[in-house]
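Dumped my_file09.cif below, it's mmCIF, C-alpha atoms:
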```cif
data_target
#
loop_
_atom_site.group_PDB
_atom_site.id
_atom_site.type_symbol
_atom_site.label_atom_id
_atom_site.label_comp_id
_atom_site.auth_asym_id
_atom_site.auth_seq_id
_atom_site.Cartn_x
_atom_site.Cartn_y
_atom_site.Cartn_z
ATOM 1 C CA MET A 1 0.000 0.000 0.000
ATOM 2 C CA PRO A 2 1.596 3.261 -1.051
ATOM 3 C CA LEU A 3 2.525 5.598 1.763
ATOM 4 C CA HIS A 4 2.472 8.804 -0.217
ATOM 5 C CA GLN A 5 -0.599 10.446 -1.695
ATOM 6 C CA THR A 6 -1.019 10.300 -5.489
ATOM 7 C CA ILE A 7 0.974 13.043 -7.207
ATOM 8 C CA ARG A 8 0.744 14.002 -10.853
ATOM 9 C CA ALA A 9 3.615 12.529 -12.851
ATOM 10 C CA ALA A 10 5.642 14.202 -15.569
ATOM 11 C CA ALA A 11 6.118 12.905 -19.118
ATOM 12 C CA LEU A 12 9.353 14.791 -19.879
ATOM 13 C CA PHE A 13 12.366 15.803 -17.848
ATOM 14 C CA SER A 14 13.352 18.682 -20.120
ATOM 15 C CA SER A 15 12.762 21.502 -17.618
ATOM 16 C CA LEU A 16 15.748 23.441 -16.373
ATOM 17 C CA LEU A 17 16.659 22.211 -12.858
ATOM 18 C CA LEU A 18 18.458 24.235 -10.207
ATOM 19 C CA MET A 19 20.075 21.750 -7.866
ATOM 20 C CA THR A 20 21.496 21.977 -4.338
ATOM 21 C CA GLY A 21 24.196 19.810 -2.790
ATOM 22 C CA CYS A 22 24.290 16.416 -1.077
ATOM 23 C CA ASN A 23 25.664 15.689 2.389
ATOM 24 C CA LEU A 24 26.717 12.168 3.339
ATOM 25 C CA GLY A 25 27.524 10.364 6.520
ATOM 26 C CA GLN A 26 25.904 12.388 9.278
ATOM 27 C CA ALA A 27 25.210 10.292 12.374
ATOM 28 C CA GLY A 28 21.655 9.790 13.551
ATOM 29 C CA ASN A 29 19.293 7.612 15.569
ATOM 30 C CA GLY A 30 19.001 4.987 12.859
ATOM 31 C CA SER A 31 22.723 4.299 12.751
ATOM 32 C CA GLU A 32 22.924 4.227 16.553
ATOM 33 C CA VAL A 33 20.219 1.573 16.851
ATOM 34 C CA LEU A 34 21.790 -0.563 14.141
ATOM 35 C CA SER A 35 25.285 -0.198 15.592
ATOM 36 C CA ALA A 36 23.989 -1.303 18.997
ATOM 37 C CA SER A 37 22.697 -4.495 17.350
ATOM 38 C CA GLY A 38 26.052 -5.218 15.710
ATOM 39 C CA ILE A 39 25.248 -3.821 12.262
ATOM 40 C CA SER A 40 27.478 -1.085 10.889
ATOM 41 C CA ALA A 41 25.583 1.828 9.341
ATOM 42 C CA GLU A 42 25.829 5.518 8.587
ATOM 43 C CA MET A 43 23.079 8.056 8.019
ATOM 44 C CA VAL A 44 22.897 9.638 4.579
ATOM 45 C CA ASN A 45 21.185 12.928 3.728
ATOM 46 C CA PHE A 46 20.107 13.708 0.155
ATOM 47 C CA SER A 47 18.701 17.119 -0.840
ATOM 48 C CA ARG A 48 17.716 18.627 -4.172
ATOM 49 C CA SER A 49 15.657 21.641 -5.219
ATOM 50 C CA GLY A 50 14.450 23.147 -8.489
ATOM 51 C CA GLY A 51 12.187 25.897 -9.752
ATOM 52 C CA GLN A 52 12.073 29.589 -10.553
ATOM 53 C CA GLU A 53 13.025 30.868 -7.095
ATOM 54 C CA CYS A 54 15.479 28.385 -5.605
ATOM 55 C CA ALA A 55 18.388 30.722 -4.952
ATOM 56 C CA ASN A 56 18.206 29.889 -1.244
ATOM 57 C CA ALA A 57 18.836 26.369 0.084
ATOM 58 C CA LYS A 58 15.742 26.665 2.275
ATOM 59 C CA PRO A 59 13.121 28.653 0.347
ATOM 60 C CA ASP A 60 10.302 30.308 2.225
ATOM 61 C CA GLU A 61 6.745 29.054 1.890
ATOM 62 C CA ASP A 62 5.841 31.570 -0.814
ATOM 63 C CA SER A 63 8.775 30.974 -3.142
ATOM 64 C CA LYS A 64 8.272 29.117 -6.404
ATOM 65 C CA CYS A 65 10.467 26.155 -5.661
ATOM 66 C CA ALA A 66 10.236 22.395 -5.161
ATOM 67 C CA THR A 67 12.486 20.538 -2.742
ATOM 68 C CA VAL A 68 13.228 16.889 -1.991
ATOM 69 C CA HIS A 69 14.884 15.769 1.266
ATOM 70 C CA ILE A 70 15.708 12.128 1.990
ATOM 71 C CA THR A 71 17.461 10.750 5.079
ATOM 72 C CA TYR A 72 18.210 7.064 5.545
ATOM 73 C CA PRO A 73 20.663 4.551 7.051
ATOM 74 C CA LYS A 74 23.176 2.991 4.686
ATOM 75 C CA ILE A 75 24.294 -0.425 5.902
ATOM 76 C CA THR A 76 28.083 -0.682 5.677
ATOM 77 C CA ASP A 77 28.577 -4.068 7.342
ATOM 78 C CA THR A 78 31.551 -5.764 5.656
ATOM 79 C CA LEU A 79 31.216 -9.001 7.680
ATOM 80 C CA ALA A 80 27.997 -9.890 5.860
ATOM 81 C CA PRO A 81 28.067 -7.991 2.526
ATOM 82 C CA GLU A 82 25.164 -9.954 0.990
ATOM 83 C CA THR A 83 22.908 -9.148 3.945
ATOM 84 C CA ALA A 84 23.928 -5.493 3.789
ATOM 85 C CA ALA A 85 23.087 -5.431 0.083
ATOM 86 C CA HIS A 86 19.624 -6.944 0.721
ATOM 87 C CA LEU A 87 18.846 -4.439 3.476
ATOM 88 C CA ASN A 88 20.106 -1.461 1.457
ATOM 89 C CA GLN A 89 18.070 -2.548 -1.569
ATOM 90 C CA PHE A 90 14.913 -2.808 0.550
ATOM 91 C CA ILE A 91 15.473 0.629 2.090
ATOM 92 C CA GLN A 92 16.066 2.220 -1.316
ATOM 93 C CA GLU A 93 12.943 0.625 -2.809
ATOM 94 C CA GLN A 94 10.733 2.135 -0.107
ATOM 95 C CA LEU A 95 12.311 5.575 -0.373
ATOM 96 C CA LEU A 96 12.054 5.602 -4.172
ATOM 97 C CA GLU A 97 8.306 4.932 -4.259
ATOM 98 C CA TYR A 98 7.168 7.329 -6.967
ATOM 99 C CA SER A 99 6.395 6.930 -10.658
ATOM 100 C CA ASP A 100 5.914 8.810 -13.902
ATOM 101 C CA GLU A 101 2.695 8.717 -15.942
ATOM 102 C CA ASP A 102 3.702 5.329 -17.373
ATOM 103 C CA GLY A 103 4.092 3.844 -13.897
ATOM 104 C CA LYS A 104 7.869 3.599 -14.129
ATOM 105 C CA PRO A 105 9.622 4.106 -10.774
ATOM 106 C CA PRO A 106 12.818 6.173 -10.538
ATOM 107 C CA ALA A 107 16.085 4.255 -10.536
ATOM 108 C CA ASN A 108 17.765 6.477 -7.947
ATOM 109 C CA PHE A 109 17.264 9.597 -5.839
ATOM 110 C CA GLU A 110 18.409 11.899 -8.638
ATOM 111 C CA GLU A 111 15.633 10.612 -10.878
ATOM 112 C CA LEU A 112 13.110 10.890 -8.052
ATOM 113 C CA ALA A 113 14.038 14.545 -7.520
ATOM 114 C CA LYS A 114 13.861 15.277 -11.261
ATOM 115 C CA GLN A 115 10.395 13.746 -11.525
ATOM 116 C CA PHE A 116 9.085 15.594 -8.493
ATOM 117 C CA ILE A 117 10.500 18.948 -9.610
ATOM 118 C CA ALA A 118 9.243 18.422 -13.174
ATOM 119 C CA ASP A 119 5.759 17.735 -11.802
ATOM 120 C CA TYR A 120 5.921 20.999 -9.898
ATOM 121 C CA GLN A 121 7.113 22.977 -12.904
ATOM 122 C CA GLN A 122 4.251 21.642 -15.018
ATOM 123 C CA ASP A 123 1.666 22.850 -12.509
ATOM 124 C CA PRO A 124 -0.099 25.765 -14.294
ATOM 125 C CA SER A 125 -0.566 27.801 -11.115
ATOM 126 C CA PRO A 126 1.681 26.582 -8.276
ATOM 127 C CA ILE A 127 0.881 28.110 -4.899
ATOM 128 C CA GLY A 128 3.844 28.305 -2.558
ATOM 129 C CA HIS A 129 6.528 25.671 -2.783
ATOM 130 C CA TRP A 130 6.244 21.918 -3.083
ATOM 131 C CA GLU A 131 8.168 19.703 -0.719
ATOM 132 C CA LEU A 132 8.747 15.978 -0.321
ATOM 133 C CA GLU A 133 10.584 14.819 2.790
ATOM 134 C CA ARG A 134 11.226 11.176 3.618
ATOM 135 C CA THR A 135 13.122 9.812 6.606
ATOM 136 C CA MET A 136 13.928 6.148 7.163
ATOM 137 C CA GLU A 137 15.332 5.204 10.550
ATOM 138 C CA ALA A 138 15.908 2.075 12.592
ATOM 139 C CA VAL A 139 13.772 2.358 15.724
ATOM 140 C CA TYR A 140 14.503 -1.067 17.252
ATOM 141 C CA ALA A 141 16.863 -3.993 16.646
ATOM 142 C CA HIS A 142 17.380 -7.272 18.462
ATOM 143 C CA ASP A 143 19.164 -10.518 17.544
ATOM 144 C CA GLY A 144 18.538 -10.830 13.819
ATOM 145 C CA LEU A 145 15.530 -8.531 13.655
ATOM 146 C CA VAL A 146 15.228 -4.814 12.938
ATOM 147 C CA THR A 147 12.258 -2.447 12.764
ATOM 148 C CA LEU A 148 12.508 0.438 10.324
ATOM 149 C CA ARG A 149 10.115 3.387 10.296
ATOM 150 C CA LEU A 150 9.549 5.480 7.188
ATOM 151 C CA SER A 151 8.146 8.959 7.820
ATOM 152 C CA GLU A 152 6.943 11.138 4.979
ATOM 153 C CA ASN A 153 5.551 14.645 4.813
ATOM 154 C CA GLY A 154 5.244 17.313 2.193
ATOM 155 C CA TYR A 155 3.011 19.526 0.130
ATOM 156 C CA THR A 156 1.937 19.399 -3.517
ATOM 157 C CA GLY A 157 -0.853 21.965 -3.543
ATOM 158 C CA GLY A 158 -4.359 21.595 -2.220
ATOM 159 C CA ALA A 159 -5.962 22.388 1.098
ATOM 160 C CA HIS A 160 -3.333 20.914 3.387
ATOM 161 C CA PRO A 161 -0.003 19.033 3.494
ATOM 162 C CA PHE A 162 0.288 15.234 3.461
ATOM 163 C CA ASN A 163 2.105 13.006 5.924
ATOM 164 C CA GLY A 164 2.350 9.394 6.996
ATOM 165 C CA GLU A 165 4.444 6.769 8.739
ATOM 166 C CA ARG A 166 5.017 3.102 8.000
ATOM 167 C CA TYR A 167 6.843 0.337 9.858
ATOM 168 C CA PHE A 168 8.895 -2.448 8.263
ATOM 169 C CA VAL A 169 10.126 -5.465 10.259
ATOM 170 C CA LEU A 170 13.079 -7.203 8.616
ATOM 171 C CA ASP A 171 15.085 -10.361 9.205
ATOM 172 C CA THR A 172 18.623 -8.982 9.191
ATOM 173 C CA HIS A 173 20.068 -12.321 8.030
ATOM 174 C CA SER A 174 17.971 -12.670 4.873
ATOM 175 C CA GLY A 175 16.627 -9.139 4.377
ATOM 176 C CA LYS A 176 13.087 -10.597 4.246
ATOM 177 C CA GLN A 177 10.215 -8.444 5.475
ATOM 178 C CA LEU A 178 8.391 -10.222 8.307
ATOM 179 C CA THR A 179 4.617 -10.273 8.695
ATOM 180 C CA LEU A 180 2.427 -10.834 11.747
ATOM 181 C CA ALA A 181 1.964 -14.415 10.552
ATOM 182 C CA ASP A 182 5.755 -14.908 10.697
ATOM 183 C CA LEU A 183 5.828 -13.815 14.352
ATOM 184 C CA LEU A 184 2.568 -15.016 15.909
ATOM 185 C CA ALA A 185 0.803 -18.372 16.214
ATOM 186 C CA PRO A 186 -1.901 -19.390 13.720
ATOM 187 C CA GLY A 187 -5.305 -18.022 14.656
ATOM 188 C CA TYR A 188 -3.803 -14.980 16.369
ATOM 189 C CA ALA A 189 -6.218 -12.434 14.885
ATOM 190 C CA SER A 190 -9.057 -12.361 17.433
ATOM 191 C CA THR A 191 -6.802 -12.170 20.504
ATOM 192 C CA LEU A 192 -4.512 -9.608 18.904
ATOM 193 C CA ASN A 193 -7.435 -7.450 17.770
ATOM 194 C CA ALA A 194 -8.936 -7.478 21.280
ATOM 195 C CA ALA A 195 -5.637 -6.428 22.882
ATOM 196 C CA ALA A 196 -4.987 -3.870 20.149
ATOM 197 C CA GLU A 197 -8.449 -2.334 20.494
ATOM 198 C CA HIS A 198 -7.798 -1.793 24.202
ATOM 199 C CA ALA A 199 -4.507 -0.020 23.375
ATOM 200 C CA PHE A 200 -6.157 1.967 20.562
ATOM 201 C CA ARG A 201 -8.964 3.188 22.826
ATOM 202 C CA ALA A 202 -6.447 4.163 25.482
ATOM 203 C CA ALA A 203 -4.407 6.140 22.939
ATOM 204 C CA ARG A 204 -7.510 7.984 21.704
ATOM 205 C CA LYS A 205 -9.027 8.302 25.221
ATOM 206 C CA LEU A 206 -12.210 6.476 24.195
ATOM 207 C CA PRO A 207 -14.611 4.856 26.686
ATOM 208 C CA PRO A 208 -14.361 1.030 26.695
ATOM 209 C CA ASN A 209 -17.879 0.457 25.393
ATOM 210 C CA ALA A 210 -18.317 3.482 23.136
ATOM 211 C CA SER A 211 -19.184 2.852 19.489
ATOM 212 C CA LEU A 212 -16.132 3.491 17.328
ATOM 213 C CA GLU A 213 -18.366 4.838 14.577
ATOM 214 C CA ALA A 214 -20.077 7.237 16.967
ATOM 215 C CA GLU A 215 -16.646 8.493 18.015
ATOM 216 C CA GLY A 216 -15.810 9.264 14.384
ATOM 217 C CA PHE A 217 -13.817 6.159 13.376
ATOM 218 C CA LEU A 218 -14.471 4.198 10.188
ATOM 219 C CA PHE A 219 -13.976 0.487 10.847
ATOM 220 C CA GLU A 220 -15.955 -2.011 8.776
ATOM 221 C CA ASN A 221 -19.088 -3.084 10.667
ATOM 222 C CA ASP A 222 -17.934 -0.861 13.534
ATOM 223 C CA THR A 223 -15.489 -3.635 14.489
ATOM 224 C CA PHE A 224 -11.882 -2.865 15.340
ATOM 225 C CA LYS A 225 -9.184 -4.623 13.329
ATOM 226 C CA VAL A 226 -5.447 -4.034 13.162
ATOM 227 C CA ASN A 227 -3.759 -3.206 9.873
ATOM 228 C CA THR A 228 -0.422 -4.487 8.589
ATOM 229 C CA ASN A 229 1.451 -1.299 9.517
ATOM 230 C CA PHE A 230 3.225 -2.711 12.582
ATOM 231 C CA GLY A 231 6.666 -2.654 14.128
ATOM 232 C CA VAL A 232 8.449 -4.777 16.718
ATOM 233 C CA LEU A 233 9.432 -2.420 19.531
ATOM 234 C CA ALA A 234 11.108 -2.903 22.906
ATOM 235 C CA ASP A 235 7.862 -2.924 24.900
ATOM 236 C CA GLY A 236 5.330 -4.315 22.402
ATOM 237 C CA LEU A 237 4.024 -4.315 18.856
ATOM 238 C CA GLY A 238 3.556 -0.778 17.572
ATOM 239 C CA PHE A 239 0.782 0.035 15.087
ATOM 240 C CA ILE A 240 -0.003 3.174 13.086
ATOM 241 C CA PHE A 241 -3.231 4.224 11.393
ATOM 242 C CA ASN A 242 -2.382 7.109 9.071
ATOM 243 C CA ASP A 243 -4.615 10.031 8.118
ATOM 244 C CA TYR A 244 -7.809 8.981 6.299
ATOM 245 C CA GLU A 245 -7.222 5.291 7.059
ATOM 246 C CA VAL A 246 -9.796 4.907 9.849
ATOM 247 C CA ALA A 247 -10.764 8.528 10.510
ATOM 248 C CA PRO A 248 -11.159 11.880 8.737
ATOM 249 C CA TYR A 249 -8.067 14.034 8.197
ATOM 250 C CA ALA A 250 -9.098 16.422 10.976
ATOM 251 C CA MET A 251 -8.821 13.616 13.559
ATOM 252 C CA GLY A 252 -5.217 12.910 12.637
ATOM 253 C CA SER A 253 -3.284 9.655 12.697
ATOM 254 C CA THR A 254 -3.235 7.174 15.570
ATOM 255 C CA GLY A 255 -0.196 5.325 16.868
ATOM 256 C CA PHE A 256 -0.351 2.846 19.733
ATOM 257 C CA THR A 257 1.575 -0.077 21.237
ATOM 258 C CA VAL A 258 0.191 -3.477 22.222
ATOM 259 C CA PRO A 259 2.231 -4.621 25.263
ATOM 260 C CA TYR A 260 3.872 -8.033 24.983
ATOM 261 C CA ALA A 261 2.266 -8.995 28.293
ATOM 262 C CA ASP A 262 -1.143 -8.867 26.555
ATOM 263 C CA ILE A 263 -0.165 -11.128 23.637
ATOM 264 C CA ARG A 264 2.565 -13.366 25.078
ATOM 265 C CA ALA A 265 0.389 -16.446 24.591
ATOM 266 C CA LEU A 266 0.404 -15.739 20.840
ATOM 267 C CA VAL A 267 4.199 -15.952 20.519
ATOM 268 C CA PRO A 268 5.520 -19.474 19.766
ATOM 269 C CA GLY A 269 8.855 -20.528 21.186
ATOM 270 C CA ASN A 270 10.418 -20.652 17.717
ATOM 271 C CA SER A 271 9.200 -17.172 16.738
ATOM 272 C CA PRO A 272 11.778 -14.418 16.063
ATOM 273 C CA LEU A 273 9.716 -12.506 18.632
ATOM 274 C CA ALA A 274 10.120 -15.076 21.435
ATOM 275 C CA ALA A 275 13.254 -13.633 23.032
ATOM 276 C CA ILE A 276 11.824 -10.114 22.935
ATOM 277 C CA ALA A 277 8.301 -10.838 24.212
ATOM 278 C CA ARG A 278 9.188 -13.133 27.137
#
```
Could you spell out this file's structure in structure tokens?
Amino acid sequence: MPLHQTIRAAALFSSLLLMTGCNLGQAGNGSEVLSASGISAEMVNFSRSGGQECANAKPDEDSKCATVHITYPKITDTLAPETAAHLNQFIQEQLLEYSDEDGKPPANFEELAKQFIADYQQDPSPIGHWELERTMEAVYAHDGLVTLRLSENGYTGGAHPFNGERYFVLDTHSGKQLTLADLLAPGYASTLNAAAEHAFRAARKLPPNASLEAEGFLFENDTFKVNTNFGVLADGLGFIFNDYEVAPYAMGSTGFTVPYADIRALVPGNSPLAAIAR
């Protein structure tokens, strides 16, 4: 499921681009978490801008300029180069999610920036500046497992900006993305949903027996159900419902954590989650 909102794509890249510089290797939370788990990483910052009024690196809100900012961990582990390559490929694929009118994704960040800026320059009446900012960071790692969180925000015209967050749980040995079914016992859904609804209501300060629909939430048949946007965290499974997913934009997103104590019975002894949830 795409994280970003649909943005008009450009057919040609012939517009004149005014580009800023790129800064590599700045330390950040993502590299610290990975280093603590025995994986070598460095944080990379990519920044580009283009448009009629991009003389300044950080244009004001009224300038006619489009900017792209991307921050992510680059795995530099030389002890397991194949694993590092798998993880880096996965990270890049998520950060490069964008496409032209033919559905072709960009091959690298330079192409992503060119497409985004070209889209902006083809807007017949751009208001203010467009911005796309994506940050990937490692938020938790433990014994062969890492949780990444991709945060995105920006503006491409319209009534308000867009934003969202998505978790990815990866096996650091294979680079495979893990699902709830990989971590929990078969038939986990009903117990997990009950525990998650309790955590969700607590996060939104909802009465235990109040109708979710009456409170403004849009669950099918007024029945709570978790999504697949989850992360393994130190104290439980974290979930995020982004804007529009289960509530109107004005109500905002909802993040909550299901404590391991509430779902420990769902974790088999051979699960990658067993050592964390005990």
Explicit residues for the PyMOL selection byres ((chain A and resi 106) around 12) (as JSON, numbers by chain): {"A": [9, 10, 92, 93, 94, 95, 96, 97, 98, 99, 100, 101, 102, 103, 104, 105, 107, 108, 109, 110, 111, 112, 113, 114, 115, 116]}
Given the choices A:Asp119, A:Glu82, A:Glu152, A:Asp77, which gets closest to Asn242 (chain A) if the distance is worked out from all atoms listed in the file? A:Glu152
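For the atom pair formed by CA of Ala185 (chain A) and CA of Leu237 (chain A), the distance is 14.7 Å, given to one decimal.
Taking CA of Ala66 (chain A) as the reference point, CA of Gly158 (chain A) is found at 14.9 Å.
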For Thr76 (chain A), work out the shell of residues within 12 Å, counting all atoms listed in the file and skipping chain neighbours fewer than 5 positions away, then give it as a ChimeraX atom specification. /A:25,31,34-35,38-44,81-88
Enumerate, as an MDAnalysis selection string, the residues matched when the PyMOL selection byres ((chain A and resi 277) around 12) is run on the file above. chainID A and resid 142 183:184 232:237 258:276 278
Near-Asn29 (chain A) list (8 Å; only C-alpha atoms; drop same-chain fewer than 4 positions) as an NGL selection string: :A and (33 or 137-139)
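The residues returned by the PyMOL selection byres ((chain A and resi 247) around 12) on the shown structure are Arg204, Leu212, Glu213, Ala214, Glu215, Gly216, Phe217, Leu218, Phe219, Glu220, Phe241, Asn242, Asp243, Tyr244, Glu245, Val246, Pro248, Tyr249, Ala250, Met251, Gly252, Ser253 and Thr254 of chain A.
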I need the chosen residues saved as a PDB file, in the coordinates of the input, with C-alpha atoms.
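Saved result, selection24.pdb, follows:
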```pdb
ATOM      1  CA  ARG A 204      -7.510   7.984  21.704  1.00  0.00           C
ATOM      2  CA  LEU A 212     -16.132   3.491  17.328  1.00  0.00           C
ATOM      3  CA  GLU A 213     -18.366   4.838  14.577  1.00  0.00           C
ATOM      4  CA  ALA A 214     -20.077   7.237  16.967  1.00  0.00           C
ATOM      5  CA  GLU A 215     -16.646   8.493  18.015  1.00  0.00           C
ATOM      6  CA  GLY A 216     -15.810   9.264  14.384  1.00  0.00           C
ATOM      7  CA  PHE A 217     -13.817   6.159  13.376  1.00  0.00           C
ATOM      8  CA  LEU A 218     -14.471   4.198  10.188  1.00  0.00           C
ATOM      9  CA  PHE A 219     -13.976   0.487  10.847  1.00  0.00           C
ATOM     10  CA  GLU A 220     -15.955  -2.011   8.776  1.00  0.00           C
ATOM     11  CA  PHE A 241      -3.231   4.224  11.393  1.00  0.00           C
ATOM     12  CA  ASN A 242      -2.382   7.109   9.071  1.00  0.00           C
ATOM     13  CA  ASP A 243      -4.615  10.031   8.118  1.00  0.00           C
ATOM     14  CA  TYR A 244      -7.809   8.981   6.299  1.00  0.00           C
ATOM     15  CA  GLU A 245      -7.222   5.291   7.059  1.00  0.00           C
ATOM     16  CA  VAL A 246      -9.796   4.907   9.849  1.00  0.00           C
ATOM     17  CA  PRO A 248     -11.159  11.880   8.737  1.00  0.00           C
ATOM     18  CA  TYR A 249      -8.067  14.034   8.197  1.00  0.00           C
ATOM     19  CA  ALA A 250      -9.098  16.422  10.976  1.00  0.00           C
ATOM     20  CA  MET A 251      -8.821  13.616  13.559  1.00  0.00           C
ATOM     21  CA  GLY A 252      -5.217  12.910  12.637  1.00  0.00           C
ATOM     22  CA  SER A 253      -3.284   9.655  12.697  1.00  0.00           C
ATOM     23  CA  THR A 254      -3.235   7.174  15.570  1.00  0.00           C
TER      24      THR A 254
END
```
Can you pull out every residue within 10 Å of Asn229 (chain A), counting only C-alpha atoms, but drop anything in the same chain fewer than 6 positions away, and send it as a short mmCIF file (atom, residue, chain, number, x, y, z; two decimals) with C-alpha atoms, in the frame of the given file?
```
data_model
loop_
_atom_site.label_atom_id
_atom_site.label_comp_id
_atom_site.auth_asym_id
_atom_site.auth_seq_id
_atom_site.Cartn_x
_atom_site.Cartn_y
_atom_site.Cartn_z
CA MET A 1 0.00 0.00 0.00
CA ARG A 149 10.12 3.39 10.30
CA GLU A 165 4.44 6.77 8.74
CA ARG A 166 5.02 3.10 8.00
CA TYR A 167 6.84 0.34 9.86
CA PHE A 168 8.90 -2.45 8.26
CA VAL A 169 10.13 -5.46 10.26
CA THR A 179 4.62 -10.27 8.70
CA LEU A 180 2.43 -10.83 11.75
CA GLY A 238 3.56 -0.78 17.57
CA PHE A 239 0.78 0.04 15.09
CA ILE A 240 0.00 3.17 13.09
CA PHE A 241 -3.23 4.22 11.39
CA ASN A 242 -2.38 7.11 9.07
#
```
Could you list as a short mmCIF file (atom, residue, chain, number, x, y, z; two decimals) with C-alpha atoms, in the coordinates of the input every residue that has an atom within 9 Å of (-2.1, 4.9, 22.7), using the file's coordinates and counting only C-alpha atoms?
```cif
data_model
loop_
_atom_site.label_atom_id
_atom_site.label_comp_id
_atom_site.auth_asym_id
_atom_site.auth_seq_id
_atom_site.Cartn_x
_atom_site.Cartn_y
_atom_site.Cartn_z
CA HIS A 198 -7.80 -1.79 24.20
CA ALA A 199 -4.51 -0.02 23.38
CA PHE A 200 -6.16 1.97 20.56
CA ARG A 201 -8.96 3.19 22.83
CA ALA A 202 -6.45 4.16 25.48
CA ALA A 203 -4.41 6.14 22.94
CA ARG A 204 -7.51 7.98 21.70
CA LYS A 205 -9.03 8.30 25.22
CA THR A 254 -3.24 7.17 15.57
CA GLY A 255 -0.20 5.32 16.87
CA PHE A 256 -0.35 2.85 19.73
CA THR A 257 1.58 -0.08 21.24
CA VAL A 258 0.19 -3.48 22.22
#
```
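Nearest-residue note for Pro161 (chain A): choosing from A:Ala80, A:Leu132, A:Cys65, A:Ala195, the minimum distance belongs to A:Leu132, counting only C-alpha atoms.
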Of A:Arg48, A:His173, A:His129, A:Arg134, the one sitting nearest Tyr155 (chain A) when using all atoms listed in the file is A:His129
Can you tell me how far CA of Leu150 (chain A) sits from CA of Lys74 (chain A), in Å to one decimal? 14.1 Å
May I ask you to restore all heavy atoms in region 237-241 of chain A and write the result as a PDB file, in the frame of the given file?
```pdb
ATOM      1  N   LEU A 237       4.210  -4.519  20.287  1.00  0.00           N
ATOM      2  CA  LEU A 237       4.024  -4.315  18.856  1.00  0.00           C
ATOM      3  C   LEU A 237       3.395  -2.946  18.635  1.00  0.00           C
ATOM      4  O   LEU A 237       2.311  -2.658  19.152  1.00  0.00           O
ATOM      5  CB  LEU A 237       3.115  -5.395  18.267  1.00  0.00           C
ATOM      6  CG  LEU A 237       3.643  -6.834  18.280  1.00  0.00           C
ATOM      7  CD1 LEU A 237       2.616  -7.775  17.631  1.00  0.00           C
ATOM      8  CD2 LEU A 237       4.986  -6.942  17.569  1.00  0.00           C
ATOM      9  N   GLY A 238       4.073  -2.095  17.878  1.00  0.00           N
ATOM     10  CA  GLY A 238       3.556  -0.778  17.572  1.00  0.00           C
ATOM     11  C   GLY A 238       2.745  -0.807  16.288  1.00  0.00           C
ATOM     12  O   GLY A 238       3.110  -1.488  15.326  1.00  0.00           O
ATOM     13  N   PHE A 239       1.632  -0.073  16.271  1.00  0.00           N
ATOM     14  CA  PHE A 239       0.782   0.035  15.087  1.00  0.00           C
ATOM     15  C   PHE A 239       0.527   1.508  14.783  1.00  0.00           C
ATOM     16  O   PHE A 239       0.509   2.349  15.687  1.00  0.00           O
ATOM     17  CB  PHE A 239      -0.568  -0.666  15.297  1.00  0.00           C
ATOM     18  CG  PHE A 239      -0.492  -2.162  15.316  1.00  0.00           C
ATOM     19  CD1 PHE A 239      -0.218  -2.835  16.502  1.00  0.00           C
ATOM     20  CD2 PHE A 239      -0.687  -2.899  14.159  1.00  0.00           C
ATOM     21  CE1 PHE A 239      -0.145  -4.221  16.531  1.00  0.00           C
ATOM     22  CE2 PHE A 239      -0.614  -4.286  14.177  1.00  0.00           C
ATOM     23  CZ  PHE A 239      -0.344  -4.950  15.368  1.00  0.00           C
ATOM     24  N   ILE A 240       0.319   1.807  13.505  1.00  0.00           N
ATOM     25  CA  ILE A 240      -0.003   3.174  13.086  1.00  0.00           C
ATOM     26  C   ILE A 240      -1.155   3.134  12.097  1.00  0.00           C
ATOM     27  O   ILE A 240      -1.110   2.383  11.111  1.00  0.00           O
ATOM     28  CB  ILE A 240       1.204   3.873  12.419  1.00  0.00           C
ATOM     29  CG1 ILE A 240       2.378   3.998  13.388  1.00  0.00           C
ATOM     30  CG2 ILE A 240       0.804   5.256  11.900  1.00  0.00           C
ATOM     31  CD1 ILE A 240       3.654   4.502  12.745  1.00  0.00           C
ATOM     32  N   PHE A 241      -2.188   3.928  12.374  1.00  0.00           N
ATOM     33  CA  PHE A 241      -3.231   4.224  11.393  1.00  0.00           C
ATOM     34  C   PHE A 241      -2.971   5.645  10.901  1.00  0.00           C
ATOM     35  O   PHE A 241      -3.044   6.596  11.676  1.00  0.00           O
ATOM     36  CB  PHE A 241      -4.626   4.151  12.011  1.00  0.00           C
ATOM     37  CG  PHE A 241      -5.097   2.755  12.328  1.00  0.00           C
ATOM     38  CD1 PHE A 241      -5.262   2.335  13.630  1.00  0.00           C
ATOM     39  CD2 PHE A 241      -5.402   1.871  11.303  1.00  0.00           C
ATOM     40  CE1 PHE A 241      -5.708   1.064  13.922  1.00  0.00           C
ATOM     41  CE2 PHE A 241      -5.841   0.585  11.581  1.00  0.00           C
ATOM     42  CZ  PHE A 241      -5.999   0.179  12.900  1.00  0.00           C
TER      43      PHE A 241
END
```
